[in-house]
Each structure stands twice: as C-alpha cells, then as structure tokens.
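Participant: Hey, dropping data.cif in here, mmCIF, C-alpha atoms:
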data_input
loop_
_atom_site.label_atom_id
_atom_site.label_comp_id
_atom_site.auth_asym_id
_atom_site.auth_seq_id
_atom_site.Cartn_x
_atom_site.Cartn_y
_atom_site.Cartn_z
CA MET A 1 57.17 145.90 -269.72
CA THR A 2 58.66 145.57 -273.18
CA SER A 3 60.44 142.43 -274.32
CA SER A 4 63.79 144.24 -274.27
CA GLU A 5 63.22 145.38 -270.71
CA ALA A 6 62.25 141.85 -269.67
CA SER A 7 65.35 140.35 -271.25
CA THR A 8 67.68 142.70 -269.39
CA ARG A 9 65.91 142.64 -266.06
CA ARG A 10 68.24 141.51 -263.31
CA ILE A 11 67.20 138.68 -261.03
CA PRO A 12 66.80 140.12 -257.50
CA PRO A 13 69.40 138.81 -255.05
CA PHE A 14 68.43 136.06 -252.64
CA VAL A 15 66.72 137.13 -249.48
CA SER A 16 68.09 135.41 -246.35
CA LEU A 17 69.00 131.92 -247.46
CA GLY A 18 69.44 130.68 -243.93
CA SER A 19 72.48 128.90 -242.61
CA ALA A 20 71.83 125.39 -243.87
CA ARG A 21 75.18 123.76 -243.90
CA ALA A 22 76.79 123.32 -247.23
CA PHE A 23 77.88 120.27 -247.17
CA VAL A 24 47.17 115.34 -273.07
CA ALA A 25 50.19 116.47 -275.44
CA PRO A 26 49.65 115.97 -279.22
CA THR A 27 49.98 112.35 -280.31
CA VAL A 28 53.35 111.69 -281.90
CA ALA A 29 53.50 109.85 -285.18
CA HIS A 30 56.34 107.53 -284.19
CA ASP A 31 55.82 104.47 -282.01
CA TYR A 32 58.74 104.58 -279.62
CA SER A 33 57.39 101.77 -277.45
CA VAL A 34 58.48 99.05 -279.86
CA LYS A 35 62.16 99.81 -279.47
CA LYS A 36 62.86 99.17 -275.83
CA PRO A 37 66.60 98.57 -275.34
CA ALA A 38 67.52 94.94 -274.79
CA SER A 39 70.52 95.67 -272.62
CA VAL A 40 70.45 98.64 -270.31
CA ALA A 41 74.03 98.10 -269.25
CA LYS A 42 75.09 98.68 -272.85
CA SER A 43 72.53 101.20 -274.07
CA ALA A 44 72.07 103.22 -270.88
CA GLY A 45 75.42 102.76 -269.20
CA MET A 46 77.70 105.63 -268.33
CA ALA A 47 78.58 105.94 -272.00
CA GLY A 48 75.01 107.07 -272.66
CA VAL A 49 75.22 105.74 -276.22
CA SER A 50 76.79 102.73 -277.86
CA ARG A 51 80.10 103.01 -279.66
CA GLU A 52 78.19 102.45 -282.90
CA THR A 53 76.07 105.51 -282.17
CA SER A 54 79.16 107.53 -281.36
CA ALA A 55 80.79 106.47 -284.63
CA THR A 56 77.67 107.42 -286.55
CA SER A 57 77.61 110.80 -284.86
CA ALA A 58 81.25 111.34 -285.76
CA ASN A 59 80.54 110.57 -289.43
CA VAL A 60 77.63 113.00 -289.42
CA LEU A 61 79.82 115.67 -287.87
CA ASP A 62 82.45 115.20 -290.56
CA SER A 63 79.87 115.93 -293.25
CA ILE A 64 78.55 119.15 -291.68
CA ASP A 65 80.17 122.55 -291.82
CA ASP A 66 81.70 123.36 -288.44
CA SER A 67 80.31 126.88 -288.63
CA SER A 68 76.77 125.52 -288.37
CA PRO A 69 75.23 125.93 -284.87
CA ILE A 70 73.73 122.44 -285.17
CA ALA A 71 77.12 120.96 -286.01
CA ARG A 72 78.73 122.72 -283.07
CA GLU A 73 76.05 121.38 -280.76
CA LEU A 74 76.46 117.85 -282.10
CA ALA A 75 80.23 118.08 -281.72
CA HIS A 76 79.86 119.29 -278.14
CA GLU A 77 77.50 116.46 -277.21
CA ASN A 78 79.80 113.93 -278.86
CA LYS A 79 82.73 115.13 -276.77
CA ARG A 80 80.62 114.88 -273.62
CA ARG A 81 79.73 111.27 -274.47
CA GLU A 82 83.36 110.41 -275.16
CA ARG A 83 84.30 111.64 -271.68
CA LEU A 84 81.79 109.19 -270.20
CA LEU A 85 82.82 106.19 -272.29
CA GLY A 86 84.43 103.49 -270.16
CA ARG A 87 84.19 105.48 -266.94
CA GLU A 88 83.64 103.31 -263.87
CA LEU A 89 81.85 104.90 -260.95
CA PRO A 90 83.26 104.24 -257.48
CA LYS A 91 81.21 102.54 -254.81
CA PRO A 92 80.65 104.76 -251.77
CA GLU A 93 82.20 103.68 -248.48
CA LYS A 94 78.74 103.41 -246.96
CA THR A 95 75.17 103.74 -248.20
CA ARG A 96 74.44 107.30 -249.30
CA ILE A 97 70.84 108.32 -248.61
CA PHE A 98 69.51 111.29 -250.56
CA THR A 99 66.28 113.17 -250.01
CA VAL A 100 65.25 114.84 -253.26
CA SER A 101 63.19 117.80 -252.13
CA ASN A 102 61.82 121.17 -253.15
CA GLN A 103 58.44 122.38 -251.90
CA LYS A 104 57.72 123.96 -255.27
CA GLY A 105 56.07 121.58 -257.70
CA GLY A 106 57.17 121.06 -261.26
CA VAL A 107 60.90 121.60 -260.77
CA GLY A 108 61.92 118.06 -261.71
CA LYS A 109 62.16 116.24 -258.37
CA THR A 110 60.72 112.95 -259.58
CA THR A 111 62.44 113.14 -262.96
CA THR A 112 65.76 113.78 -261.26
CA THR A 113 65.23 110.98 -258.75
CA VAL A 114 64.42 108.24 -261.23
CA ASN A 115 66.96 109.22 -263.90
CA ILE A 116 69.94 109.64 -261.58
CA ALA A 117 68.97 106.39 -259.85
CA ALA A 118 68.72 104.65 -263.23
CA ALA A 119 72.09 106.01 -264.36
CA LEU A 120 73.83 104.82 -261.19
CA ALA A 121 72.16 101.39 -261.32
CA ALA A 122 73.07 100.97 -265.00
CA ALA A 123 76.67 101.60 -263.98
CA GLY A 124 76.52 98.57 -261.68
CA LEU A 125 75.64 100.19 -258.35
CA ASN A 126 72.82 98.96 -256.11
CA VAL A 127 70.12 101.62 -255.89
CA LEU A 128 66.80 101.88 -254.04
CA VAL A 129 64.17 104.51 -254.83
CA ILE A 130 61.60 105.23 -252.12
CA ASP A 131 58.53 107.01 -253.46
CA ILE A 132 56.75 108.96 -250.71
CA ASP A 133 54.84 111.25 -253.05
CA PRO A 134 51.12 110.30 -253.05
CA GLN A 135 51.03 110.96 -256.81
CA GLY A 136 53.29 107.93 -257.29
CA ASN A 137 55.03 109.35 -260.36
CA ALA A 138 58.40 107.81 -259.52
CA SER A 139 56.74 104.40 -259.31
CA THR A 140 55.17 104.97 -262.72
CA ALA A 141 58.45 106.00 -264.33
CA LEU A 142 60.17 102.87 -263.02
CA GLY A 143 57.40 100.55 -264.22
CA ILE A 144 56.32 99.52 -260.70
CA ASP A 145 52.68 98.66 -259.92
CA HIS A 146 51.24 101.11 -257.43
CA HIS A 147 47.48 100.66 -257.49
CA ALA A 148 45.47 100.73 -254.26
CA ASP A 149 45.75 96.97 -253.65
CA VAL A 150 49.57 96.95 -253.64
CA ASP A 151 51.51 97.06 -250.39
CA SER A 152 53.41 100.32 -250.47
CA ILE A 153 55.48 102.75 -248.45
CA TYR A 154 52.20 103.80 -246.79
CA ASP A 155 52.00 100.38 -245.13
CA VAL A 156 55.61 100.72 -244.01
CA LEU A 157 55.00 104.10 -242.36
CA ILE A 158 51.55 103.48 -240.89
CA ASN A 159 51.17 99.72 -240.46
CA ASP A 160 54.81 98.80 -239.70
CA ILE A 161 55.13 96.39 -242.63
CA PRO A 162 58.83 95.64 -243.29
CA LEU A 163 60.31 97.60 -246.18
CA GLN A 164 61.61 94.38 -247.75
CA ASP A 165 57.99 93.25 -248.24
CA VAL A 166 57.07 96.21 -250.45
CA VAL A 167 60.18 96.79 -252.61
CA ALA A 168 59.91 95.66 -256.22
CA PRO A 169 62.55 95.40 -258.97
CA CYS A 170 62.55 97.81 -261.89
CA PRO A 171 61.85 95.69 -265.00
CA ASP A 172 64.33 97.61 -267.18
CA ILE A 173 67.37 97.95 -264.94
CA ALA A 174 68.83 95.03 -263.00
CA LYS A 175 70.19 96.69 -259.87
CA LEU A 176 67.37 99.20 -259.36
CA ILE A 177 64.55 98.52 -256.90
CA CYS A 178 61.68 100.71 -255.76
CA ALA A 179 59.34 101.02 -252.78
CA PRO A 180 56.18 102.30 -254.50
CA ALA A 181 53.66 104.90 -253.37
CA THR A 182 49.89 104.50 -253.55
CA ILE A 183 47.00 106.92 -253.21
CA HIS A 184 46.70 105.91 -249.54
CA LEU A 185 49.66 108.20 -248.85
CA ALA A 186 47.36 111.18 -249.38
CA GLY A 187 45.99 110.64 -245.89
CA ALA A 188 49.25 109.63 -244.26
CA GLU A 189 50.07 113.17 -243.11
CA ILE A 190 47.03 113.10 -240.80
CA GLU A 191 47.53 109.51 -239.66
CA LEU A 192 51.17 110.11 -238.75
CA VAL A 193 50.29 112.86 -236.28
CA SER A 194 49.13 110.47 -233.57
CA LEU A 195 51.87 107.85 -234.01
CA VAL A 196 54.88 107.39 -231.76
CA ALA A 197 58.17 108.72 -233.17
CA ARG A 198 56.29 109.94 -236.20
CA GLU A 199 59.30 111.73 -237.71
CA GLN A 200 61.62 108.70 -237.46
CA ARG A 201 59.45 105.94 -238.91
CA LEU A 202 61.00 105.90 -242.35
CA ARG A 203 64.52 106.03 -240.94
CA ARG A 204 63.89 103.02 -238.72
CA ALA A 205 62.35 101.07 -241.61
CA ILE A 206 65.43 101.73 -243.76
CA ASP A 207 67.80 100.72 -240.97
CA VAL A 208 65.95 97.44 -240.43
CA TYR A 209 65.88 96.74 -244.18
CA CYS A 210 69.61 97.30 -244.58
CA LYS A 211 70.34 94.96 -241.67
CA GLU A 212 68.06 92.30 -243.16
CA ARG A 213 69.88 92.52 -246.50
CA ALA A 214 73.21 92.00 -244.74
CA LYS A 215 71.78 89.11 -242.70
CA ASN A 216 70.49 87.42 -245.86
CA GLY A 217 73.83 87.81 -247.63
CA GLU A 218 72.56 90.35 -250.15
CA GLU A 219 74.76 93.11 -251.52
CA ARG A 220 74.78 96.38 -249.64
CA LEU A 221 72.76 99.24 -251.10
CA ASP A 222 75.04 101.94 -252.50
CA TYR A 223 72.42 104.65 -252.93
CA ILE A 224 68.93 105.34 -251.62
CA PHE A 225 66.90 108.15 -253.18
CA ILE A 226 63.72 109.38 -251.49
CA ASP A 227 61.32 111.22 -253.79
CA CYS A 228 59.34 113.77 -251.76
CA PRO A 229 55.97 115.44 -252.36
CA PRO A 230 55.97 119.18 -253.15
CA SER A 231 55.32 120.18 -249.55
CA LEU A 232 57.06 120.43 -246.20
CA GLY A 233 54.73 118.15 -244.23
CA LEU A 234 55.38 115.03 -242.16
CA LEU A 235 56.19 112.86 -245.18
CA THR A 236 58.98 115.22 -246.17
CA VAL A 237 60.14 115.49 -242.56
CA ASN A 238 60.39 111.69 -242.45
CA ALA A 239 62.54 111.82 -245.57
CA PHE A 240 64.83 114.47 -244.05
CA CYS A 241 65.23 112.41 -240.88
CA ALA A 242 66.07 109.27 -242.86
CA ALA A 243 68.66 110.87 -245.14
CA ASN A 244 72.16 112.21 -244.66
CA GLU A 245 72.19 114.31 -247.85
CA VAL A 246 69.71 116.61 -249.57
CA LEU A 247 69.53 116.96 -253.35
CA ILE A 248 67.62 120.08 -254.43
CA PRO A 249 66.51 120.36 -258.07
CA ILE A 250 66.01 124.00 -259.04
CA GLN A 251 64.15 125.00 -262.17
CA CYS A 252 65.93 127.80 -264.00
CA GLU A 253 63.09 130.29 -263.53
CA TYR A 254 62.55 132.97 -260.91
CA TYR A 255 59.58 131.36 -259.11
CA ALA A 256 61.76 128.37 -258.29
CA LEU A 257 64.05 130.64 -256.27
CA GLU A 258 61.38 132.23 -254.11
CA GLY A 259 60.77 129.18 -251.93
CA LEU A 260 64.40 128.18 -251.60
CA SER A 261 65.06 130.24 -248.48
CA GLN A 262 62.06 128.66 -246.72
CA LEU A 263 63.27 125.19 -247.70
CA LEU A 264 66.71 125.91 -246.26
CA LYS A 265 65.18 127.21 -243.02
CA ASN A 266 63.23 123.97 -242.66
CA ILE A 267 66.37 121.94 -243.31
CA GLU A 268 68.15 123.97 -240.65
CA MET A 269 65.40 123.13 -238.15
CA ILE A 270 65.71 119.43 -239.01
CA GLN A 271 69.47 119.66 -238.47
CA LYS A 272 68.99 121.31 -235.10
CA HIS A 273 66.26 119.13 -233.64
CA LEU A 274 65.97 115.81 -235.50
CA ASN A 275 68.95 114.92 -237.73
CA ALA A 276 72.28 116.60 -237.04
CA ASP A 277 73.96 114.63 -239.84
CA LEU A 278 71.82 116.12 -242.62
CA VAL A 279 73.65 118.34 -245.14
CA VAL A 280 72.67 120.09 -248.36
CA SER A 281 75.21 118.37 -250.56
CA THR A 282 73.84 118.70 -254.09
CA ILE A 283 71.91 121.25 -256.16
CA LEU A 284 70.95 120.43 -259.75
CA LEU A 285 69.79 123.04 -262.26
CA THR A 286 66.89 121.66 -264.32
CA MET A 287 64.78 122.74 -267.31
CA TYR A 288 67.59 124.97 -268.51
CA ASP A 289 66.84 126.89 -271.70
CA GLY A 290 70.07 128.29 -273.08
CA ARG A 291 68.18 130.60 -275.46
CA THR A 292 66.99 132.85 -272.62
CA ASN A 293 68.85 135.36 -270.49
CA LEU A 294 66.62 134.47 -267.54
CA ALA A 295 67.90 130.89 -267.35
CA ALA A 296 71.50 132.08 -267.43
CA GLN A 297 70.83 134.69 -264.72
CA VAL A 298 69.10 132.18 -262.43
CA ALA A 299 71.95 129.69 -262.91
CA ALA A 300 74.51 132.41 -262.12
CA GLU A 301 72.65 133.45 -258.96
CA VAL A 302 72.46 129.88 -257.67
CA ARG A 303 76.12 129.18 -258.44
CA GLU A 304 77.15 132.40 -256.70
CA HIS A 305 75.40 131.46 -253.46
CA PHE A 306 76.15 127.71 -253.55
CA PRO A 307 79.47 127.30 -255.39
CA GLU A 308 80.31 123.95 -253.78
CA GLN A 309 76.89 122.35 -254.03
CA VAL A 310 75.76 123.12 -257.60
CA LEU A 311 76.62 120.38 -260.07
CA GLY A 312 78.44 121.28 -263.25
CA ALA A 313 75.89 119.22 -265.21
CA VAL A 314 72.76 121.12 -266.20
CA VAL A 315 69.56 119.40 -267.35
CA PRO A 316 68.01 121.09 -270.41
CA ARG A 317 64.38 121.22 -271.37
CA SER A 318 63.84 117.99 -273.28
CA VAL A 319 60.84 116.42 -274.98
CA ARG A 320 62.36 112.96 -274.51
CA ILE A 321 62.53 113.43 -270.73
CA SER A 322 58.84 114.38 -270.70
CA GLU A 323 57.78 111.52 -272.99
CA ALA A 324 59.56 108.72 -271.12
CA PRO A 325 57.12 108.33 -268.17
CA SER A 326 54.20 107.76 -270.56
CA TYR A 327 55.99 104.51 -271.52
CA GLN A 328 56.73 103.71 -267.87
CA GLN A 329 60.43 104.26 -268.45
CA THR A 330 63.18 106.62 -267.50
CA VAL A 331 64.84 108.58 -270.27
CA MET A 332 67.86 106.29 -269.78
CA THR A 333 66.00 103.39 -271.36
CA TYR A 334 63.52 105.35 -273.48
CA ASP A 335 66.12 107.32 -275.43
CA PRO A 336 69.65 106.86 -274.04
CA SER A 337 71.19 108.94 -276.83
CA SER A 338 69.13 112.06 -276.07
CA SER A 339 70.61 115.23 -274.60
CA GLY A 340 68.47 114.78 -271.49
CA ALA A 341 69.85 111.29 -270.85
CA LEU A 342 73.38 112.55 -271.38
CA SER A 343 72.87 115.35 -268.84
CA TYR A 344 71.55 112.97 -266.18
CA LEU A 345 74.43 110.58 -266.85
CA GLU A 346 76.84 113.44 -266.24
CA ALA A 347 75.01 114.45 -263.07
CA ALA A 348 75.10 110.87 -261.76
CA ALA A 349 78.83 110.64 -262.45
CA GLU A 350 79.45 113.91 -260.58
CA ILE A 351 77.46 112.73 -257.58
CA ALA A 352 79.28 109.38 -257.48
CA GLU A 353 82.72 110.96 -257.69
CA ARG A 354 82.14 113.61 -255.02
#
Could you spell out this file's structure in structure tokens?

Facilitator:
Amino acid sequence: MTSSEASTRRIPPFVSLGSARAFVAPTVAHDYSVKKPASVAKSAGMAGVSRETSATSANVLDSIDDSSPIARELAHENKRRERLLGRELPKPEKTRIFTVSNQKGGVGKTTTTVNIAAALAAAGLNVLVIDIDPQGNASTALGIDHHADVDSIYDVLINDIPLQDVVAPCPDIAKLICAPATIHLAGAEIELVSLVAREQRLRRAIDVYCKERAKNGEERLDYIFIDCPPSLGLLTVNAFCAANEVLIPIQCEYYALEGLSQLLKNIEMIQKHLNADLVVSTILLTMYDGRTNLAAQVAAEVREHFPEQVLGAVVPRSVRISEAPSYQQTVMTYDPSSSGALSYLEAAAEIAER
C-alpha cells in the first residue's frame, strides 16, 4: 500500500458496539527535577499556568507574525488557558466513582487517571485514586511507595484490611490520596476465585471507608478514580462493581477501536448481573496527533457513535506527559504550562461540570 493510499484509507465502521447505556529514552540535557513547583494550587490549578506565564506568552505572541503556524498554535493555547483562569469547579452532590478501563494496553488509562485526579484535587476537590493494576504505575506517578512490604489494595481485597489503613497522601497535591498497588496483585485474580462475594469486595471496602471518614468528621470524597489493569479479569470486574461511571480512554489509532465492542459487551453484562447503576459516562481521546488523517478519522468515528460521552478536550501526544512519571509526578506538577497539562485540565473541568 502506498503512502497516499494509506492516508486516504477510510476507518471501517464499528462492528456491533453493544447496548451499553450511554450515560530507556535518550537522556535529556536539562534537569527538570530541580524545579518542582512550590504551590500546586497556584501552578497546577485550573488556570494551568500562572498569570505571569500568561502575560509572558501574550508578549511573545505580540512579537510573532500571526501568519506563522507556531504563533497560531501559541495564540490558541493562550486562549484556552484564559478560559480556565479563575474557574471554580462545582462539588458533586455525592461521591462520583469512576472506573478507568480499556482492556487494550498503552491507551493512557493510568496517565488519564492520575492527571485528571491531580487536576481536580488542585482545584480544591477531595480525590482518591485506587490503583488495582499490578504494575503500580499510578502509585509511581503520584509518588506513593508501593514496594512489596507496603500494605496495599491487595491486602484490602484479599486480607480484609480496611481501606483507610492503606491510603497515603500524594506529596505534591494536598487533597489527593492514593491506595497503592504492589506486585502481590499479580496473583490476586487466582486468589479471588475462592473468596465469598469476590466481585463486590472492593465496593464494600469503599463503602466502609466512606462511612469511617464521615464518622471521624473528615470531608467527604468528591471523586474516586479506579485505575484498572489492561484486562477484563476479576480485578476489573471488582472495579466495575464498585463504580457508578466508566471513563474509557481511547488512543486515536485503529487498534484501539477493535476491542471497544468487547469492552462494551462486558460492561453490559456487569449492568445486567452485578451493578445496574453502572453507565458509560465519559470517553476521552488520547495520544491525538493532529498531523495525521488517521487520528482525525478515529476521532470522528468515536464522536459519531458516542456523541454524548466523548469529551470535547483531546489529549495530544506529549513528551512532557511521558517524562513526568520518571520524576514520580503527574504532568500537572512536572510541567503545568505544557499542552498535555492544559488538555487534562480541560478534561477535568468538563467532567466536573457535567
């Protein structure tokens, strides 16, 4: 197939999407680790950048010819930041519990989980991230210890340890806490098989934890995000049973679409047999490359089939997003002025205002 044929090839339409209810890279020369923001509320709040940064950007824009593609891009990002400046996000009427799931790996589940959670927490909302992926990448990104000797979500699911005994605060963001994952979770799928109410164990742990917070006079959690492994096993089923909303990150490439119908069929089964309150409320397009026709075609296909669920915000491919976990940070604290941070801030604002 020639390059011209590939660029004009039409993405095949979705096959039965089910009836799920809508609702080591080269070493960089710069040492970024020495410039950790002192105040997340200011540097990673819903403004995304400080007013000083915005003013600097405006001065740069004034000195560049508007016909330049770079200038147009800078102007567009500046306008997006201005729309976020001073915006206050509403508190939900009750705790919103999201399962972030897609059985395909590498679509941005963990990245989406930690960055949206960080954006909401930086805006003053109380957020809990539950990491049930044995790889523990969400725990790493939030700077939470998750070595084998740490009590983790494994102990909650298998050994009935209270969730409040394993949650730890994120060192960079005040209102963000995390229940970490350890390597022990790799065997949890097998161990859960013989346990009573194996699909409901995470849900019960969350319910007990929320009641304990209220009993102790602590603020109610506004959001809970559950980061799932790239599979549809018992860990993911526990997440579906515990949540009332599903957030599906979809990479803007064709392979990411192939497994979507199977994911929706599994969600439909959960709705029918285990959790009637579960809805697919949010779809986020990730790793978007505006230079390719393929990304635009995939985005159009997804928006056509899920017009109410797809967020207007689109997350681009971004080096800063990929670099942040190596410093045990989210992109919100690693580089709050980057395009990736801005996109996740916009996505968080959309979710909060829905």

Participant: Write out as a PyMOL selection string which residues come within 8 Å of region 197-201 of chain A when counting only C-alpha atoms, dropping same-chain ones fewer than 6 positions away.

Facilitator: chain A and resi 157+234+237-238+241-242

Participant: Any chance you could export the current selection's C-alpha atoms as a PDB file, keeping the file's coordinate frame?

Facilitator:
ATOM      1  CA  LEU A 157      55.000 104.100-242.360  1.00  0.00           C
ATOM      2  CA  LEU A 234      55.380 115.030-242.160  1.00  0.00           C
ATOM      3  CA  VAL A 237      60.140 115.490-242.560  1.00  0.00           C
ATOM      4  CA  ASN A 238      60.390 111.690-242.450  1.00  0.00           C
ATOM      5  CA  CYS A 241      65.230 112.410-240.880  1.00  0.00           C
ATOM      6  CA  ALA A 242      66.070 109.270-242.860  1.00  0.00           C
TER       7      ALA A 242
END

Participant: So what does the PyMOL selection byres ((chain A and resi 267) around 12) actually pick up in this one, as a PyMOL selection string?

Facilitator: chain A and resi 17-22+99+101-103+232+236-241+243-248+260-266+268-281

Participant: Quote the spacing between CA of Ile130 (chain A) and CA of Ala117 (chain A) in Å to one decimal place.

Facilitator: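 Pair CA of Ile130 (chain A) / CA of Ala117 (chain A) returns 10.7 Å.
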
Participant: Could you tell me which residues the PyMOL selection byres ((chain A and resi 178) around 8) grabs in this file, written as a PDB file with C-alpha atoms, in the frame of the given file?

Facilitator:
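Result went into out.pdb, see below:
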ATOM      1  CA  LEU A 128      66.800 101.880-254.040  1.00  0.00           C
ATOM      2  CA  VAL A 129      64.170 104.510-254.830  1.00  0.00           C
ATOM      3  CA  ILE A 130      61.600 105.230-252.120  1.00  0.00           C
ATOM      4  CA  ASP A 131      58.530 107.010-253.460  1.00  0.00           C
ATOM      5  CA  SER A 139      56.740 104.400-259.310  1.00  0.00           C
ATOM      6  CA  LEU A 142      60.170 102.870-263.020  1.00  0.00           C
ATOM      7  CA  ILE A 144      56.320  99.520-260.700  1.00  0.00           C
ATOM      8  CA  VAL A 167      60.180  96.790-252.610  1.00  0.00           C
ATOM      9  CA  ALA A 168      59.910  95.660-256.220  1.00  0.00           C
ATOM     10  CA  PRO A 169      62.550  95.400-258.970  1.00  0.00           C
ATOM     11  CA  CYS A 170      62.550  97.810-261.890  1.00  0.00           C
ATOM     12  CA  LEU A 176      67.370  99.200-259.360  1.00  0.00           C
ATOM     13  CA  ILE A 177      64.550  98.520-256.900  1.00  0.00           C
ATOM     14  CA  ALA A 179      59.340 101.020-252.780  1.00  0.00           C
ATOM     15  CA  PRO A 180      56.180 102.300-254.500  1.00  0.00           C
TER      16      PRO A 180
END

Participant: Which residues come within 9 Å of Ile351 (chain A), counting only C-alpha atoms, excluding same-chain residues fewer than 4 positions away, as a list in words?

Facilitator: Thr282, Leu311, Glu346 and Ala347 of chain A

Participant: Tell me, as a JSON list (two decimals) with C-alpha atoms, in the coordinates of the input, which residues lie within 12 Å of Thr112 (chain A), counting all atoms listed in the file; anything in the same chain fewer than 4 positions away does not count.

Facilitator:
[["chain", "number", "residue", "atom", "x", "y", "z"],
["A", 98, "PHE", "CA", 69.51, 111.29, -250.56],
["A", 99, "THR", "CA", 66.28, 113.17, -250.01],
["A", 100, "VAL", "CA", 65.25, 114.84, -253.26],
["A", 101, "SER", "CA", 63.19, 117.80, -252.13],
["A", 102, "ASN", "CA", 61.82, 121.17, -253.15],
["A", 106, "GLY", "CA", 57.17, 121.06, -261.26],
["A", 107, "VAL", "CA", 60.90, 121.60, -260.77],
["A", 108, "GLY", "CA", 61.92, 118.06, -261.71],
["A", 116, "ILE", "CA", 69.94, 109.64, -261.58],
["A", 117, "ALA", "CA", 68.97, 106.39, -259.85],
["A", 118, "ALA", "CA", 68.72, 104.65, -263.23],
["A", 119, "ALA", "CA", 72.09, 106.01, -264.36],
["A", 129, "VAL", "CA", 64.17, 104.51, -254.83],
["A", 137, "ASN", "CA", 55.03, 109.35, -260.36],
["A", 138, "ALA", "CA", 58.40, 107.81, -259.52],
["A", 141, "ALA", "CA", 58.45, 106.00, -264.33],
["A", 225, "PHE", "CA", 66.90, 108.15, -253.18],
["A", 226, "ILE", "CA", 63.72, 109.38, -251.49],
["A", 227, "ASP", "CA", 61.32, 111.22, -253.79],
["A", 228, "CYS", "CA", 59.34, 113.77, -251.76],
["A", 247, "LEU", "CA", 69.53, 116.96, -253.35],
["A", 248, "ILE", "CA", 67.62, 120.08, -254.43],
["A", 249, "PRO", "CA", 66.51, 120.36, -258.07],
["A", 250, "ILE", "CA", 66.01, 124.00, -259.04],
["A", 251, "GLN", "CA", 64.15, 125.00, -262.17],
["A", 282, "THR", "CA", 73.84, 118.70, -254.09],
["A", 283, "ILE", "CA", 71.91, 121.25, -256.16],
["A", 284, "LEU", "CA", 70.95, 120.43, -259.75],
["A", 285, "LEU", "CA", 69.79, 123.04, -262.26],
["A", 286, "THR", "CA", 66.89, 121.66, -264.32],
["A", 287, "MET", "CA", 64.78, 122.74, -267.31],
["A", 314, "VAL", "CA", 72.76, 121.12, -266.20],
["A", 315, "VAL", "CA", 69.56, 119.40, -267.35],
["A", 316, "PRO", "CA", 68.01, 121.09, -270.41],
["A", 321, "ILE", "CA", 62.53, 113.43, -270.73],
["A", 322, "SER", "CA", 58.84, 114.38, -270.70],
["A", 330, "THR", "CA", 63.18, 106.62, -267.50],
["A", 331, "VAL", "CA", 64.84, 108.58, -270.27],
["A", 332, "MET", "CA", 67.86, 106.29, -269.78],
["A", 340, "GLY", "CA", 68.47, 114.78, -271.49],
["A", 341, "ALA", "CA", 69.85, 111.29, -270.85],
["A", 343, "SER", "CA", 72.87, 115.35, -268.84],
["A", 344, "TYR", "CA", 71.55, 112.97, -266.18],
["A", 345, "LEU", "CA", 74.43, 110.58, -266.85],
["A", 347, "ALA", "CA", 75.01, 114.45, -263.07],
["A", 348, "ALA", "CA", 75.10, 110.87, -261.76]]

Participant: Separation of CA of Asp289 (chain A) and CA of Pro325 (chain A), in Å?

Facilitator: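 Rounded to one decimal, the two atoms are 21.2 Å apart.
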
Participant: So what do you get for CA of Gly105 (chain A) versus CA of Ile183 (chain A), distance-wise?

Facilitator: 17.8 Å

Participant: Go ahead and find all residues with at least one atom no further than 7 Å from (80.6, 107.9, -256.5) in the file's coordinates, using all atoms listed in the file; report them as an MDAnalysis selection string.

Facilitator: chainID A and resid 89:92 349 351:354

Participant: The PyMOL selection byres ((chain A and resi 164) around 9) on the file shown: which residues, as a ChimeraX atom specification?

Facilitator: /A:161-163,165-168,179,209,212-213

Participant: Using all atoms listed in the file, which of A:Asp160, A:Ser231, A:Ile190, A:Leu342 sits nearest Arg204 (chain A)?

Facilitator: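 When distances to Arg204 (chain A) are compared using all atoms listed in the file, the smallest one comes from A:Asp160.
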
Participant: Which one is closest to Thr140 (chain A): A:Thr110, A:Gln309, A:Asn293, A:Ser339? Count only C-alpha atoms.

Facilitator: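 Closest candidate: A:Thr110.
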
Participant: Compare A:Leu294, A:Ala313, A:Val302, A:Ala181 by their minimum atom-to-atom distance to Leu257 (chain A), counting all atoms listed in the file, and give me the closest one.

Facilitator: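 Of all the options, A:Val302 lies closest to Leu257 (chain A).
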